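Visitor: Quick one, start.cif (mmCIF, N, CA and C atoms and all ligand atoms):
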```
data_coords
#
loop_
_atom_site.label_atom_id
_atom_site.label_comp_id
_atom_site.auth_asym_id
_atom_site.auth_seq_id
_atom_site.Cartn_x
_atom_site.Cartn_y
_atom_site.Cartn_z
N MET A 18 -2.20 -11.95 15.13
CA MET A 18 -1.90 -11.65 16.54
C MET A 18 -2.46 -10.26 16.88
N LEU A 19 -3.21 -10.13 17.96
CA LEU A 19 -3.75 -8.83 18.33
C LEU A 19 -3.08 -8.31 19.59
N GLY A 20 -2.68 -7.04 19.59
CA GLY A 20 -2.03 -6.44 20.75
C GLY A 20 -3.00 -5.59 21.53
N ALA A 21 -2.49 -4.64 22.32
CA ALA A 21 -3.33 -3.74 23.09
C ALA A 21 -4.27 -2.99 22.14
N LYS A 22 -5.46 -2.70 22.58
CA LYS A 22 -6.48 -1.99 21.80
C LYS A 22 -6.88 -2.75 20.53
N GLY A 23 -6.58 -4.04 20.49
CA GLY A 23 -7.01 -4.84 19.35
C GLY A 23 -6.26 -4.56 18.06
N LYS A 24 -5.17 -3.78 18.14
CA LYS A 24 -4.43 -3.46 16.93
C LYS A 24 -3.58 -4.67 16.54
N LYS A 25 -3.51 -4.93 15.26
CA LYS A 25 -2.74 -6.09 14.79
C LYS A 25 -1.24 -5.86 15.04
N VAL A 26 -0.61 -6.86 15.63
CA VAL A 26 0.83 -6.78 15.86
C VAL A 26 1.52 -7.60 14.78
N VAL A 27 2.42 -6.96 14.04
CA VAL A 27 3.12 -7.68 12.98
C VAL A 27 4.31 -8.41 13.60
N PRO A 28 4.35 -9.73 13.49
CA PRO A 28 5.47 -10.47 14.10
C PRO A 28 6.80 -10.15 13.42
N GLU A 29 7.89 -10.32 14.16
CA GLU A 29 9.22 -10.14 13.59
C GLU A 29 9.72 -11.47 13.07
N PHE A 30 10.48 -11.45 12.00
CA PHE A 30 11.02 -12.67 11.42
C PHE A 30 12.54 -12.70 11.59
N THR A 31 13.06 -13.81 12.05
CA THR A 31 14.51 -13.96 12.18
C THR A 31 15.10 -14.28 10.81
N LYS A 32 16.42 -14.31 10.75
CA LYS A 32 17.11 -14.67 9.51
C LYS A 32 16.68 -16.06 9.02
N ALA A 33 16.65 -17.01 9.95
CA ALA A 33 16.29 -18.39 9.59
C ALA A 33 14.85 -18.45 9.07
N GLU A 34 13.96 -17.70 9.72
CA GLU A 34 12.56 -17.69 9.27
C GLU A 34 12.42 -17.00 7.91
N THR A 35 13.25 -15.96 7.69
CA THR A 35 13.21 -15.26 6.41
C THR A 35 13.67 -16.20 5.30
N LEU A 36 14.71 -16.96 5.57
CA LEU A 36 15.21 -17.91 4.57
C LEU A 36 14.14 -18.96 4.26
N GLU A 37 13.44 -19.40 5.29
CA GLU A 37 12.37 -20.39 5.11
C GLU A 37 11.27 -19.84 4.19
N ILE A 38 10.94 -18.57 4.38
CA ILE A 38 9.93 -17.90 3.54
C ILE A 38 10.41 -17.82 2.10
N ILE A 39 11.66 -17.39 1.90
CA ILE A 39 12.20 -17.24 0.54
C ILE A 39 12.22 -18.61 -0.16
N GLU A 40 12.58 -19.65 0.58
CA GLU A 40 12.60 -20.99 -0.01
C GLU A 40 11.19 -21.45 -0.36
N PHE A 41 10.26 -21.17 0.52
CA PHE A 41 8.86 -21.52 0.24
C PHE A 41 8.39 -20.80 -1.03
N MET A 42 8.71 -19.51 -1.12
CA MET A 42 8.26 -18.70 -2.26
C MET A 42 9.00 -19.06 -3.55
N SER A 43 10.06 -19.85 -3.45
CA SER A 43 10.81 -20.27 -4.62
C SER A 43 10.43 -21.68 -5.07
N PHE A 44 10.28 -22.59 -4.08
CA PHE A 44 10.10 -24.00 -4.43
C PHE A 44 8.68 -24.52 -4.27
N LYS A 45 7.91 -23.97 -3.30
CA LYS A 45 6.55 -24.47 -3.06
C LYS A 45 5.55 -23.66 -3.87
N THR A 46 5.92 -22.44 -4.21
CA THR A 46 5.07 -21.63 -5.07
C THR A 46 6.00 -20.74 -5.89
N ASP A 47 5.46 -19.73 -6.58
CA ASP A 47 6.25 -19.09 -7.63
C ASP A 47 6.62 -17.62 -7.40
N CYS A 48 6.30 -17.06 -6.24
CA CYS A 48 6.44 -15.61 -6.00
C CYS A 48 7.78 -15.02 -6.42
N ILE A 49 8.89 -15.72 -6.11
CA ILE A 49 10.22 -15.15 -6.29
C ILE A 49 10.58 -14.93 -7.77
N THR A 50 9.89 -15.62 -8.68
CA THR A 50 10.17 -15.36 -10.10
C THR A 50 9.71 -13.96 -10.50
N CYS A 51 8.76 -13.39 -9.80
CA CYS A 51 8.24 -12.06 -10.16
C CYS A 51 8.47 -11.01 -9.08
N HIS A 52 8.69 -11.42 -7.84
CA HIS A 52 8.86 -10.47 -6.73
C HIS A 52 10.16 -10.76 -5.98
N GLN A 53 10.85 -9.71 -5.60
CA GLN A 53 12.03 -9.82 -4.73
C GLN A 53 11.75 -8.92 -3.53
N PRO A 54 12.45 -9.15 -2.42
CA PRO A 54 12.16 -8.31 -1.25
C PRO A 54 12.28 -6.81 -1.55
N ASP A 55 13.40 -6.40 -2.16
CA ASP A 55 13.62 -4.95 -2.32
C ASP A 55 13.95 -4.54 -3.75
N LEU A 56 13.49 -5.32 -4.72
CA LEU A 56 13.77 -5.00 -6.12
C LEU A 56 12.52 -5.31 -6.95
N ALA A 57 12.05 -4.33 -7.72
CA ALA A 57 10.89 -4.58 -8.57
C ALA A 57 11.33 -5.38 -9.79
N LEU A 58 10.62 -6.47 -10.07
CA LEU A 58 10.89 -7.26 -11.28
C LEU A 58 9.63 -7.18 -12.13
N VAL A 59 9.01 -8.32 -12.40
CA VAL A 59 7.73 -8.31 -13.12
C VAL A 59 6.68 -7.64 -12.24
N GLY A 60 6.75 -7.92 -10.95
CA GLY A 60 5.84 -7.31 -9.97
C GLY A 60 6.59 -6.36 -9.07
N PRO A 61 5.87 -5.59 -8.28
CA PRO A 61 6.52 -4.66 -7.34
C PRO A 61 7.32 -5.43 -6.28
N SER A 62 8.30 -4.76 -5.66
CA SER A 62 9.06 -5.42 -4.58
C SER A 62 8.12 -5.61 -3.39
N PHE A 63 8.44 -6.57 -2.53
CA PHE A 63 7.60 -6.81 -1.35
C PHE A 63 7.63 -5.61 -0.40
N ILE A 64 8.76 -4.89 -0.37
CA ILE A 64 8.82 -3.71 0.50
C ILE A 64 7.85 -2.63 -0.01
N GLU A 65 7.82 -2.43 -1.33
CA GLU A 65 6.88 -1.44 -1.89
C GLU A 65 5.43 -1.81 -1.57
N ILE A 66 5.15 -3.11 -1.65
CA ILE A 66 3.78 -3.57 -1.37
C ILE A 66 3.44 -3.27 0.09
N ALA A 67 4.37 -3.59 0.99
CA ALA A 67 4.13 -3.34 2.42
C ALA A 67 3.94 -1.85 2.68
N GLU A 68 4.75 -1.01 2.01
CA GLU A 68 4.63 0.45 2.20
C GLU A 68 3.28 0.96 1.71
N LYS A 69 2.82 0.38 0.61
CA LYS A 69 1.54 0.82 0.06
C LYS A 69 0.38 0.52 1.02
N TYR A 70 0.43 -0.66 1.66
CA TYR A 70 -0.71 -1.07 2.48
C TYR A 70 -0.59 -0.75 3.96
N GLU A 71 0.62 -0.42 4.40
CA GLU A 71 0.91 -0.26 5.83
C GLU A 71 -0.11 0.57 6.59
N LYS A 72 -0.48 1.73 6.02
CA LYS A 72 -1.36 2.66 6.74
C LYS A 72 -2.85 2.36 6.56
N ARG A 73 -3.15 1.39 5.72
CA ARG A 73 -4.57 1.13 5.46
C ARG A 73 -5.18 0.19 6.49
N PRO A 74 -6.44 0.46 6.85
CA PRO A 74 -7.11 -0.51 7.72
C PRO A 74 -7.24 -1.83 6.96
N MET A 75 -7.18 -2.92 7.64
CA MET A 75 -7.32 -4.23 7.01
C MET A 75 -6.21 -4.53 5.99
N ALA A 76 -5.01 -3.97 6.22
CA ALA A 76 -3.91 -4.18 5.27
C ALA A 76 -3.67 -5.67 5.00
N GLU A 77 -3.67 -6.45 6.08
CA GLU A 77 -3.38 -7.88 5.92
C GLU A 77 -4.45 -8.56 5.07
N ALA A 78 -5.69 -8.18 5.31
CA ALA A 78 -6.78 -8.81 4.56
C ALA A 78 -6.68 -8.47 3.07
N LEU A 79 -6.27 -7.23 2.76
CA LEU A 79 -6.15 -6.82 1.36
C LEU A 79 -5.01 -7.56 0.67
N ILE A 80 -3.89 -7.68 1.37
CA ILE A 80 -2.75 -8.39 0.77
C ILE A 80 -3.08 -9.87 0.59
N ALA A 81 -3.68 -10.46 1.63
CA ALA A 81 -4.04 -11.88 1.55
C ALA A 81 -5.00 -12.12 0.39
N ARG A 82 -5.93 -11.19 0.20
CA ARG A 82 -6.91 -11.33 -0.88
C ARG A 82 -6.21 -11.32 -2.24
N SER A 83 -5.23 -10.40 -2.42
CA SER A 83 -4.51 -10.32 -3.69
C SER A 83 -3.70 -11.58 -3.95
N ILE A 84 -3.12 -12.15 -2.89
CA ILE A 84 -2.34 -13.38 -3.09
C ILE A 84 -3.28 -14.51 -3.52
N ARG A 85 -4.41 -14.63 -2.84
CA ARG A 85 -5.33 -15.73 -3.16
C ARG A 85 -6.02 -15.54 -4.51
N LEU A 86 -6.53 -14.34 -4.76
CA LEU A 86 -7.37 -14.13 -5.95
C LEU A 86 -6.66 -13.49 -7.12
N GLY A 87 -5.39 -13.05 -6.90
CA GLY A 87 -4.67 -12.36 -7.96
C GLY A 87 -4.95 -10.86 -7.88
N SER A 88 -4.30 -10.11 -8.75
CA SER A 88 -4.43 -8.66 -8.67
C SER A 88 -4.27 -8.09 -10.07
N GLU A 89 -4.96 -6.98 -10.32
CA GLU A 89 -4.97 -6.40 -11.65
C GLU A 89 -5.16 -4.90 -11.53
N GLY A 90 -4.33 -4.13 -12.24
CA GLY A 90 -4.53 -2.68 -12.33
C GLY A 90 -4.10 -1.89 -11.11
N GLU A 91 -3.49 -2.52 -10.11
CA GLU A 91 -3.05 -1.79 -8.92
C GLU A 91 -1.68 -1.16 -9.12
N TRP A 92 -0.83 -1.80 -9.92
CA TRP A 92 0.57 -1.35 -10.07
C TRP A 92 0.94 -1.04 -11.51
N GLY A 93 0.29 -1.63 -12.45
CA GLY A 93 0.66 -1.42 -13.85
C GLY A 93 -0.23 -2.28 -14.73
N ASP A 94 0.28 -2.60 -15.91
CA ASP A 94 -0.55 -3.32 -16.88
C ASP A 94 -0.50 -4.83 -16.74
N VAL A 95 0.52 -5.34 -16.01
CA VAL A 95 0.65 -6.80 -15.91
C VAL A 95 -0.17 -7.30 -14.73
N PRO A 96 -1.10 -8.22 -14.95
CA PRO A 96 -1.89 -8.76 -13.83
C PRO A 96 -1.15 -9.89 -13.12
N MET A 97 -1.52 -10.18 -11.89
CA MET A 97 -0.97 -11.35 -11.18
C MET A 97 -2.05 -12.42 -11.11
N ALA A 98 -1.64 -13.65 -11.42
CA ALA A 98 -2.58 -14.78 -11.40
C ALA A 98 -2.94 -15.14 -9.96
N PRO A 99 -4.11 -15.76 -9.74
CA PRO A 99 -4.49 -16.21 -8.39
C PRO A 99 -3.65 -17.39 -7.92
N HIS A 100 -3.66 -17.65 -6.63
CA HIS A 100 -2.92 -18.78 -6.05
C HIS A 100 -3.85 -19.63 -5.19
N PRO A 101 -4.78 -20.37 -5.86
CA PRO A 101 -5.76 -21.16 -5.11
C PRO A 101 -5.13 -22.33 -4.37
N GLU A 102 -3.89 -22.70 -4.72
CA GLU A 102 -3.24 -23.86 -4.09
C GLU A 102 -2.73 -23.57 -2.69
N LEU A 103 -2.61 -22.29 -2.34
CA LEU A 103 -2.07 -21.95 -1.01
C LEU A 103 -3.17 -22.01 0.04
N THR A 104 -2.80 -22.51 1.24
CA THR A 104 -3.78 -22.56 2.32
C THR A 104 -3.89 -21.18 2.98
N THR A 105 -4.96 -21.00 3.74
CA THR A 105 -5.18 -19.74 4.45
C THR A 105 -4.00 -19.47 5.39
N LYS A 106 -3.49 -20.53 6.01
CA LYS A 106 -2.38 -20.39 6.94
C LYS A 106 -1.11 -19.94 6.20
N GLU A 107 -0.85 -20.54 5.06
CA GLU A 107 0.33 -20.15 4.28
C GLU A 107 0.23 -18.69 3.82
N ILE A 108 -0.97 -18.31 3.38
CA ILE A 108 -1.16 -16.94 2.92
C ILE A 108 -0.97 -15.95 4.08
N ALA A 109 -1.47 -16.31 5.27
CA ALA A 109 -1.31 -15.43 6.44
C ALA A 109 0.18 -15.29 6.80
N TRP A 110 0.92 -16.37 6.65
CA TRP A 110 2.36 -16.38 6.96
C TRP A 110 3.10 -15.46 5.98
N LEU A 111 2.79 -15.60 4.68
CA LEU A 111 3.43 -14.74 3.67
C LEU A 111 3.06 -13.27 3.90
N THR A 112 1.79 -13.04 4.23
CA THR A 112 1.31 -11.68 4.45
C THR A 112 2.00 -11.04 5.66
N ASP A 113 2.14 -11.80 6.74
CA ASP A 113 2.83 -11.28 7.93
C ASP A 113 4.27 -10.91 7.58
N TRP A 114 4.91 -11.76 6.79
CA TRP A 114 6.32 -11.47 6.42
C TRP A 114 6.39 -10.19 5.57
N ILE A 115 5.48 -10.07 4.60
CA ILE A 115 5.49 -8.86 3.75
C ILE A 115 5.31 -7.62 4.64
N MET A 116 4.35 -7.65 5.55
CA MET A 116 4.11 -6.51 6.44
C MET A 116 5.29 -6.26 7.38
N SER A 117 6.01 -7.32 7.75
CA SER A 117 7.14 -7.16 8.67
C SER A 117 8.28 -6.37 8.03
N LEU A 118 8.32 -6.33 6.69
CA LEU A 118 9.41 -5.64 6.00
C LEU A 118 9.42 -4.14 6.28
N VAL A 119 8.25 -3.56 6.51
CA VAL A 119 8.25 -2.14 6.92
C VAL A 119 8.09 -2.00 8.43
N ALA A 120 7.38 -2.93 9.04
CA ALA A 120 7.17 -2.82 10.49
C ALA A 120 8.49 -3.01 11.24
N HIS A 121 9.33 -3.94 10.79
CA HIS A 121 10.57 -4.25 11.51
C HIS A 121 11.82 -4.17 10.65
N GLY A 122 11.66 -3.92 9.36
CA GLY A 122 12.82 -3.87 8.46
C GLY A 122 13.08 -5.23 7.84
N TYR A 123 13.76 -5.20 6.72
CA TYR A 123 14.06 -6.43 5.98
C TYR A 123 15.35 -7.05 6.51
N VAL A 124 15.24 -8.29 6.95
CA VAL A 124 16.41 -9.03 7.43
C VAL A 124 17.03 -9.69 6.20
N GLU A 125 18.16 -9.18 5.75
CA GLU A 125 18.78 -9.74 4.53
C GLU A 125 19.31 -11.14 4.78
N VAL A 126 19.09 -12.00 3.81
CA VAL A 126 19.62 -13.36 3.92
C VAL A 126 20.48 -13.65 2.69
N GLU A 127 21.46 -14.50 2.88
CA GLU A 127 22.31 -14.87 1.75
C GLU A 127 21.74 -16.10 1.09
N THR A 128 21.29 -15.94 -0.13
CA THR A 128 20.76 -17.06 -0.89
C THR A 128 20.84 -16.68 -2.36
N THR A 129 21.02 -17.67 -3.21
CA THR A 129 21.07 -17.39 -4.64
C THR A 129 19.66 -17.20 -5.20
N LEU A 130 18.65 -17.38 -4.35
CA LEU A 130 17.27 -17.28 -4.83
C LEU A 130 16.81 -15.84 -4.99
N ILE A 131 17.54 -14.91 -4.33
CA ILE A 131 17.20 -13.50 -4.52
C ILE A 131 18.41 -12.77 -5.05
N TYR A 132 18.16 -11.69 -5.80
CA TYR A 132 19.25 -10.98 -6.47
C TYR A 132 19.91 -9.99 -5.54
C1 LIG A 201 4.07 -14.18 -12.93
C2 LIG A 201 4.48 -13.10 -12.02
C3 LIG A 201 4.00 -13.10 -10.58
C4 LIG A 201 4.01 -14.14 -9.66
C5 LIG A 201 4.49 -15.55 -9.88
C6 LIG A 201 3.51 -13.57 -8.41
N1 LIG A 201 3.19 -12.26 -8.57
FE1 LIG A 201 2.48 -11.00 -7.15
N2 LIG A 201 2.26 -9.56 -8.54
C7 LIG A 201 2.68 -9.62 -9.85
C8 LIG A 201 2.31 -8.40 -10.56
C9 LIG A 201 2.59 -8.08 -12.03
C10 LIG A 201 1.64 -7.60 -9.60
C11 LIG A 201 0.97 -6.25 -9.83
C12 LIG A 201 -0.50 -6.51 -10.18
C13 LIG A 201 -1.32 -5.25 -10.26
O1 LIG A 201 -0.92 -4.31 -10.93
O2 LIG A 201 -2.41 -5.24 -9.63
C14 LIG A 201 1.66 -8.34 -8.34
C15 LIG A 201 1.12 -7.87 -7.14
C16 LIG A 201 1.23 -8.51 -5.93
C17 LIG A 201 0.76 -7.99 -4.67
C18 LIG A 201 0.11 -6.62 -4.46
C19 LIG A 201 -1.31 -6.62 -4.91
C20 LIG A 201 -2.04 -5.36 -4.53
O3 LIG A 201 -3.22 -5.51 -4.18
O4 LIG A 201 -1.49 -4.24 -4.53
C21 LIG A 201 1.05 -8.92 -3.71
C22 LIG A 201 0.75 -8.84 -2.22
C23 LIG A 201 1.70 -10.02 -4.39
N3 LIG A 201 1.78 -9.75 -5.73
C24 LIG A 201 2.16 -11.15 -3.74
C25 LIG A 201 2.58 -12.29 -4.41
C26 LIG A 201 2.90 -13.54 -3.75
C27 LIG A 201 2.90 -13.75 -2.24
C28 LIG A 201 3.21 -14.43 -4.72
C29 LIG A 201 3.49 -15.91 -4.58
C30 LIG A 201 2.45 -16.68 -3.91
C31 LIG A 201 3.12 -13.73 -5.99
N4 LIG A 201 2.73 -12.44 -5.75
C32 LIG A 201 3.39 -14.29 -7.23
C33 LIG A 201 3.32 -10.68 -10.45
C34 LIG A 201 3.48 -11.93 -9.88
#
```
Now, as a test, write the supplied structure out as structure tokens.
Ligand code: HEC

Guide:
Amino acid sequence: MLGAKGKKVVPEFTKAETLEIIEFMSFKTDCITCHQPDLALVGPSFIEIAEKYEKRPMAEALIARSIRLGSEGEWGDVPMAPHPELTTKEIAWLTDWIMSLVAHGYVEVETTLIY
């Protein structure tokens, strides 16, 4: 979504939409086994990732690229495997949610899928 001056506008996610994302990341793919919204596990927390990229030009493109192709050496010694099974649309949706965590704050949801 582009706003005034062509700057990317990060959409806000409601509680219901946040729960949908967490369920997708738990059952349709594997993110939640290594990432939590605000707790570092095997990988960095999603909030840390958003903070790292927030000020960079093309933040969304960089995050989307890491999700699709995997990532290595950015955070530590453990690499992240690529996710070729996800569609461009799904990756954009996950990326928008990650960016929304710093743009609009993390909407906490009650689910046993996150700690
Ligand atoms: C098996 C564990 C594991 C799974 C599953 C996993 N990740 Fe990661 N992820 C990591 C690790 C470890 C890193 C840090 C890699 C590095 O140092 O570059 C990381 C890094 C990232 C980054 C930041 C990359 C960067 O460029 O700074 C993003 C974004 C990310 N993961 C998103 C996701 C999403 C979305 C999913 C699900 C589709 C997912 N990850 C699944 C372990 C995982």

Visitor: Can you work out which residues are within 6.5 Å of ligand LIG 201 (chain A), considering all atoms listed in the file, and then hand them over as an MDAnalysis selection string?

Guide: chainID A and resid 42 46:52 59:61 66 79:81 83:84 87:98 100 111

Visitor: Go ahead and write the selection's residues with N, CA and C atoms as a short mmCIF file (atom, residue, chain, number, x, y, z; two decimals), in the coordinates of the input.

Guide:
```cif
data_model
loop_
_atom_site.label_atom_id
_atom_site.label_comp_id
_atom_site.auth_asym_id
_atom_site.auth_seq_id
_atom_site.Cartn_x
_atom_site.Cartn_y
_atom_site.Cartn_z
N MET A 42 8.71 -19.51 -1.12
CA MET A 42 8.26 -18.70 -2.26
C MET A 42 9.00 -19.06 -3.55
N THR A 46 5.92 -22.44 -4.21
CA THR A 46 5.07 -21.63 -5.07
C THR A 46 6.00 -20.74 -5.89
N ASP A 47 5.46 -19.73 -6.58
CA ASP A 47 6.25 -19.09 -7.63
C ASP A 47 6.62 -17.62 -7.40
N CYS A 48 6.30 -17.06 -6.24
CA CYS A 48 6.44 -15.61 -6.00
C CYS A 48 7.78 -15.02 -6.42
N ILE A 49 8.89 -15.72 -6.11
CA ILE A 49 10.22 -15.15 -6.29
C ILE A 49 10.58 -14.93 -7.77
N THR A 50 9.89 -15.62 -8.68
CA THR A 50 10.17 -15.36 -10.10
C THR A 50 9.71 -13.96 -10.50
N CYS A 51 8.76 -13.39 -9.80
CA CYS A 51 8.24 -12.06 -10.16
C CYS A 51 8.47 -11.01 -9.08
N HIS A 52 8.69 -11.42 -7.84
CA HIS A 52 8.86 -10.47 -6.73
C HIS A 52 10.16 -10.76 -5.98
N VAL A 59 9.01 -8.32 -12.40
CA VAL A 59 7.73 -8.31 -13.12
C VAL A 59 6.68 -7.64 -12.24
N GLY A 60 6.75 -7.92 -10.95
CA GLY A 60 5.84 -7.31 -9.97
C GLY A 60 6.59 -6.36 -9.07
N PRO A 61 5.87 -5.59 -8.28
CA PRO A 61 6.52 -4.66 -7.34
C PRO A 61 7.32 -5.43 -6.28
N ILE A 66 5.15 -3.11 -1.65
CA ILE A 66 3.78 -3.57 -1.37
C ILE A 66 3.44 -3.27 0.09
N LEU A 79 -6.27 -7.23 2.76
CA LEU A 79 -6.15 -6.82 1.36
C LEU A 79 -5.01 -7.56 0.67
N ILE A 80 -3.89 -7.68 1.37
CA ILE A 80 -2.75 -8.39 0.77
C ILE A 80 -3.08 -9.87 0.59
N ALA A 81 -3.68 -10.46 1.63
CA ALA A 81 -4.04 -11.88 1.55
C ALA A 81 -5.00 -12.12 0.39
N SER A 83 -5.23 -10.40 -2.42
CA SER A 83 -4.51 -10.32 -3.69
C SER A 83 -3.70 -11.58 -3.95
N ILE A 84 -3.12 -12.15 -2.89
CA ILE A 84 -2.34 -13.38 -3.09
C ILE A 84 -3.28 -14.51 -3.52
N GLY A 87 -5.39 -13.05 -6.90
CA GLY A 87 -4.67 -12.36 -7.96
C GLY A 87 -4.95 -10.86 -7.88
N SER A 88 -4.30 -10.11 -8.75
CA SER A 88 -4.43 -8.66 -8.67
C SER A 88 -4.27 -8.09 -10.07
N GLU A 89 -4.96 -6.98 -10.32
CA GLU A 89 -4.97 -6.40 -11.65
C GLU A 89 -5.16 -4.90 -11.53
N GLY A 90 -4.33 -4.13 -12.24
CA GLY A 90 -4.53 -2.68 -12.33
C GLY A 90 -4.10 -1.89 -11.11
N GLU A 91 -3.49 -2.52 -10.11
CA GLU A 91 -3.05 -1.79 -8.92
C GLU A 91 -1.68 -1.16 -9.12
N TRP A 92 -0.83 -1.80 -9.92
CA TRP A 92 0.57 -1.35 -10.07
C TRP A 92 0.94 -1.04 -11.51
N GLY A 93 0.29 -1.63 -12.45
CA GLY A 93 0.66 -1.42 -13.85
C GLY A 93 -0.23 -2.28 -14.73
N ASP A 94 0.28 -2.60 -15.91
CA ASP A 94 -0.55 -3.32 -16.88
C ASP A 94 -0.50 -4.83 -16.74
N VAL A 95 0.52 -5.34 -16.01
CA VAL A 95 0.65 -6.80 -15.91
C VAL A 95 -0.17 -7.30 -14.73
N PRO A 96 -1.10 -8.22 -14.95
CA PRO A 96 -1.89 -8.76 -13.83
C PRO A 96 -1.15 -9.89 -13.12
N MET A 97 -1.52 -10.18 -11.89
CA MET A 97 -0.97 -11.35 -11.18
C MET A 97 -2.05 -12.42 -11.11
N ALA A 98 -1.64 -13.65 -11.42
CA ALA A 98 -2.58 -14.78 -11.40
C ALA A 98 -2.94 -15.14 -9.96
N HIS A 100 -3.66 -17.65 -6.63
CA HIS A 100 -2.92 -18.78 -6.05
C HIS A 100 -3.85 -19.63 -5.19
N LEU A 111 2.79 -15.60 4.68
CA LEU A 111 3.43 -14.74 3.67
C LEU A 111 3.06 -13.27 3.90
#
```

Visitor: Record the distance separating atom N of Asp113 in chain A and CA of Glu29 in chain A, expressed in Å with one decimal.

Guide: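 Going from atom N of Asp113 in chain A over to CA of Glu29 in chain A covers 10.0 Å.
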
Visitor: Would you please extract all alpha helix (DSSP H) residues from chain A, as assigned by DSSP on the backbone, and give them as a PyMOL selection string?

Guide: chain A and resi 32-40+63-70+76-86+105-120

Visitor: Which residue is closest to Gln53 in chain A? Choose from A:Lys32, A:Leu86, A:Glu125, A:Leu130 and count only N, CA and C atoms.

Guide: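 Of the candidates, the smallest distance to Gln53 in chain A is held by A:Leu130.
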
Visitor: I'd like the contact shell of range 67-71 of chain A - 7 Å cut-off, all atoms listed in the file, skipping same-chain residues fewer than 2 positions apart - returned as a PyMOL selection string.

Guide: chain A and resi 62-65+73-74+76-77+115-119

Visitor: Given all atoms listed in the file as the basis, pick out the residue of A:Tyr123, A:Thr112, A:Val26, A:Thr129 nearest to Pro54 in chain A.

Guide: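 Closest to Pro54 in chain A, using all atoms listed in the file: A:Tyr123.
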